[in-house]
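Everything on this sheet refers to the single structure shown next.
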Amino acid sequence: MRSPIPDFLDETLERHRHDRSGAMADYIPDLAAADPNKLAISISTLDGVLYDSGDADFEFSIQSMSKPFIYGIALEALGIPAVLDKVGVEPTGEAFNELSLDKTSGKPLNPMINAGAITIHSLLGGQNATLAERTEIVRAGLSRFAGRQLRVDEHIAAGEWQQAYRNIAIANMLRSYDVITDDPDEVVQGYINQCSVLVSVRDLAMMAATLAGGGVNPITGERVLSPRVNRQVLGVMMTCGMYDAAGDWMTEVGVPAKSGVSGGLFGVLPGQVGIATYSPKLDKHGTSVRGAKIFRSLSADLGLHIMNAPEPARSIIRRDRRFVDAKGHMVRIVSLQGLIQWSGAENVMREIASPDDAIDVFALDLRRVYSINEVARRMIVEALRRLGEEGKQVVLLDPENSMGCSGPASALPGVEILESPKQLRNLDLRGLRRVRDDFADQVS
């Protein structure tokens with residue numbers, strides 16, 4: 001069967017193809033000369049499957065879309081506190097190229113505006129890094145996100161340098177406040193090289209999917225960013241990535257995103273997908289007109305808004321059974337199901353913690369649990385540990401080791417951990433002869 005997703009993407013592009021509104025970025029020669037008819041979309045899943053439509057192979061300069069990725073690279077290299085000491089995380093409500101700094105600290109308000117991005121670039125490689133060294137850090141770093149080797153377009157960089165008066169002014173302002181300590185012209189040249197790396201929408205979708213996957217590239221499997229840094233990048237993208245249109249964007253589209261004046265636009269839906277579009281004509285905020293409209297369509301058609309409340313899940317607790325064995329001992333078997341996060345674990349803990357002094361044996365069945373996050377795991381481990389301290393016999397049926405408790409370094413000493421109901425036949429749970437049959441029957 002042919003997947004309907006490519007057809008859906010084709011239909012989405014056709015719906016917006018004839019929109020001719022917007023203007024080219026005429027202050028950069030190569031961007032002014034771009035083909036305004038180019039149009040593309042690409043979607044990458046977290047396991048590296050790419051769906052695309054239109055001019056998906058066409059390469060264009062990454063421009064400001066490089067900012068979140070380079071921000072992440074700097075955070076990994078220097079640590080979050082050191083970077084925050086130089087660049088804040090507050091939205092400005094101003095255009096990306098405003099000559100503005102925090103009135104109290106004198107530092108750029110966030111890393112998505114040019115003042116912040118230039119500062120972040122100056123941190124790469126340390127204070128004595130050369131222009132060539134910083135450019136290579138950028139190129140290699142962006143390549144890790146894309147899963148292939150990218151290159152700097154020197155022609156685009158040269159043309160952009162000839163028109164870099166405003167960025168040079170920003171860099172000199174930063175130097176006057178000692179926010180950057182290197183030669184302003186050299187820092188701007190490096191930043192322009194950063195913006196001149198060539199990508200396609202397929203590259204951008206893969207890079208976005210790396211952020212969506214918690215910092216792991218879907219194709220190479222490489223961890224490019226740590227989870228904590230990845231979260232920091234996405235948080236700043238959500239509040240600052242679309243500049244003075246960030247509020248409208250997040251309320252209407254609801255996908256953390258970053259635009260570039262070359263006409264590219266990418267968005268990240270954490271834990272789900274990376275999306276990228278390309279169309280060169282821009283609106284007054286410097287965002288692709290057709291790209292933004294495509295994102296709005298996708299958000300509405302596919303329910304991508306990050307603030308959409310998920311439909312209520314079925315109860316985490318699938319079954320809760322009690323019976324008395326032949327010796328008169330009370331046995332309780334609780335079977336869980338589905339995806340368990342904090343709220344689900346709280347529900348389980350509430351049930352486990354409810355006064356029930358008559359219970360002698362407590363068995364937790366995780367056979368139908370397909371995922372449990374770290375917070376929920378710790379909560380349930382602690383609940384089971386406390387049951388053991390109260391003198392209960394605790395049994396955990398966990399064939400997929402979802403709790404990570406199997407092996408010599410078990411987080412649950414004293415708890416009988418089973419990988420199969422059949423193992424109950426080899427147990428002597430206080431002589432509970434009926435447990436082995438009843439438990440095996442009820443979880444099979």
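Naming works like this for the structure tokens: A, B, ... for the chains as they're shown, residue 1 at the start of each chain, ligands 1 onward in shown order.
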
Taking the backbone alone, and naming residues the way the document does, which bits of segment 4-230 of chain A are helix (DSSP H, G or I) by DSSP, as a ChimeraX atom specification?
/A:4-16,29-32,63-78,80-84,114-123,131-146,154-161,165-176,184-195,201-212,227-230

Listing only residues of segment 196-268 of chain A within 12 Å of segment 126-146 of chain A, what is the closest atom pair and its distance in Å (to one decimal) for each, using only C-alpha atoms, sorted by chain and residue number ascending, as a Markdown table?
```
| residue | atom | partner | partner_atom | distance |
| --- | --- | --- | --- | --- |
| A:Ser196 | CA | A:Arg139 | CA | 9.8 |
| A:Val197 | CA | A:Arg139 | CA | 7.0 |
| A:Leu198 | CA | A:Arg139 | CA | 9.7 |
| A:Val199 | CA | A:Ala146 | CA | 8.6 |
| A:Ser200 | CA | A:Ala146 | CA | 9.8 |
| A:Val201 | CA | A:Ala146 | CA | 10.4 |
| A:Arg202 | CA | A:Ala146 | CA | 8.6 |
| A:Asp203 | CA | A:Ala146 | CA | 5.2 |
| A:Leu204 | CA | A:Ala146 | CA | 7.0 |
| A:Ala205 | CA | A:Ala146 | CA | 8.3 |
| A:Met206 | CA | A:Ala146 | CA | 5.6 |
| A:Met207 | CA | A:Phe145 | CA | 4.8 |
| A:Ala208 | CA | A:Phe145 | CA | 8.2 |
| A:Ala209 | CA | A:Phe145 | CA | 8.8 |
| A:Thr210 | CA | A:Phe145 | CA | 6.3 |
| A:Leu211 | CA | A:Phe145 | CA | 8.5 |
| A:Ala212 | CA | A:Phe145 | CA | 11.4 |
| A:Gly213 | CA | A:Phe145 | CA | 11.3 |
| A:Gly214 | CA | A:Phe145 | CA | 11.8 |
| A:Gly215 | CA | A:Phe145 | CA | 8.5 |
| A:Val216 | CA | A:Phe145 | CA | 8.4 |
| A:Asn217 | CA | A:Phe145 | CA | 6.3 |
| A:Pro218 | CA | A:Phe145 | CA | 9.3 |
| A:Ile219 | CA | A:Ala146 | CA | 8.9 |
| A:Thr220 | CA | A:Arg144 | CA | 8.6 |
| A:Gly221 | CA | A:Arg144 | CA | 10.2 |
| A:Glu222 | CA | A:Arg144 | CA | 7.9 |
| A:Arg223 | CA | A:Arg144 | CA | 9.1 |
| A:Val224 | CA | A:Arg144 | CA | 6.7 |
| A:Leu225 | CA | A:Phe145 | CA | 9.2 |
| A:Asn230 | CA | A:Phe145 | CA | 12.0 |
```

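With only C-alpha atoms as the atoms that count, the residue of A:Val289, A:Ala257, A:Leu336, A:Met379 with the shortest distance to Gly241 of chain A is A:Ala257.
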
Please compute the atom CA of Met173 of chain A-atom CA of Val87 of chain A distance, one decimal, in Å.
14.3 Å

With only C-alpha atoms as the counted atoms, please give the residues lying no more than 12 Å from Ser354 of chain A, apart from itself and same-chain residues fewer than 6 positions off, as number ranges by chain.
A: 347-348, 383, 387

Limited to C-alpha atoms, could you put the picked residues into a file as a PDB file, in the first residue's frame?
```pdb
ATOM      1  CA  ASN A 347      -2.587   7.084  40.582  1.00  0.00           C
ATOM      2  CA  VAL A 348      -0.745   3.805  41.156  1.00  0.00           C
ATOM      3  CA  ALA A 383       6.162   2.645  46.725  1.00  0.00           C
ATOM      4  CA  LEU A 387       5.474  -1.995  51.007  1.00  0.00           C
TER       5      LEU A 387
END
```

List the neighbours of Phe295 of chain A out to 10 Å using only C-alpha atoms; skip same-chain residues closer than 6 positions along the sequence, and give me the result as a VMD selection string.
chain A and resid 12 41 249 252 to 255 257 265 to 267 275 to 277 301 304

Check the smallest atom-to-atom distance from each of A:Trp161, A:Phe96, A:Lys67, A:Pro280 to Asp35 of chain A using only C-alpha atoms, then report the winner.
A:Pro280

Do you know which residues are at most 12 Å from Val375 of chain A counting only C-alpha atoms, after dropping those on the same chain fewer than 2 positions away, and could you put them as a count of residues only?
17

Please measure the separation of atom CA of Gly116 of chain A and atom CA of Asp85 of chain A, giving the value in Å to one decimal.
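Separating atom CA of Gly116 of chain A from atom CA of Asp85 of chain A is a distance of 11.7 Å.
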
Using only C-alpha atoms, which of A:Asn114, A:Gln149, A:Ser262, A:Ser64 sits nearest Tyr27 of chain A?
A:Ser262

Rank nothing, just name the residue among A:Gly48, A:Gly404, A:Pro91, A:Gly263 nearest to Gly247 of chain A, using only C-alpha atoms.
A:Pro91

Please provide as JSON, numbers by chain all residues within 9 Å of Gly106 of chain A, with the sequence filter that same-chain residues fewer than 3 positions apart are discarded (counting only C-alpha atoms).
{"A": [100, 101, 102, 103, 109, 174, 177, 178, 179]}

Residues flagged strand (DSSP E) by DSSP in segment 162-387 of chain A, as a ChimeraX atom specification
/A:198-199,257-259,264-269,273-278,317-324,330-340,359-372

Find the residues around Ser21 of chain A up to 9 Å (only C-alpha atoms counted), leave out those fewer than 6 positions away in its own chain, and share them as a PyMOL selection string.
chain A and resi 281-283+289-290

Output file for the selection above: N, CA and C atoms, as a CSV table (one decimal), in the first residue's frame:
```
chain,number,residue,atom,x,y,z
A,281,LYS,N,9.8,34.0,-0.3
A,281,LYS,CA,9.2,35.3,0.0
A,281,LYS,C,8.8,35.4,1.5
A,282,LEU,N,9.1,36.6,2.0
A,282,LEU,CA,9.0,36.8,3.5
A,282,LEU,C,7.9,37.8,3.9
A,283,ASP,N,7.4,37.6,5.1
A,283,ASP,CA,6.5,38.6,5.6
A,283,ASP,C,7.3,39.7,6.4
A,289,VAL,N,6.3,33.5,4.0
A,289,VAL,CA,4.9,33.6,3.9
A,289,VAL,C,4.2,32.3,3.7
A,290,ARG,N,4.6,31.6,2.7
A,290,ARG,CA,3.9,30.3,2.4
A,290,ARG,C,4.3,29.3,3.4
```

Using only C-alpha atoms: which of A:Ala117, A:Leu298, A:Arg386, A:Asn37 has the shortest distance to Leu9 of chain A
A:Leu298

Find the residue from A:Ile120, A:Met349, A:Leu339, A:Val369 that sits nearest to Ser66 of chain A; use only C-alpha atoms when measuring.
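Of all the options, A:Ile120 lies closest to Ser66 of chain A.
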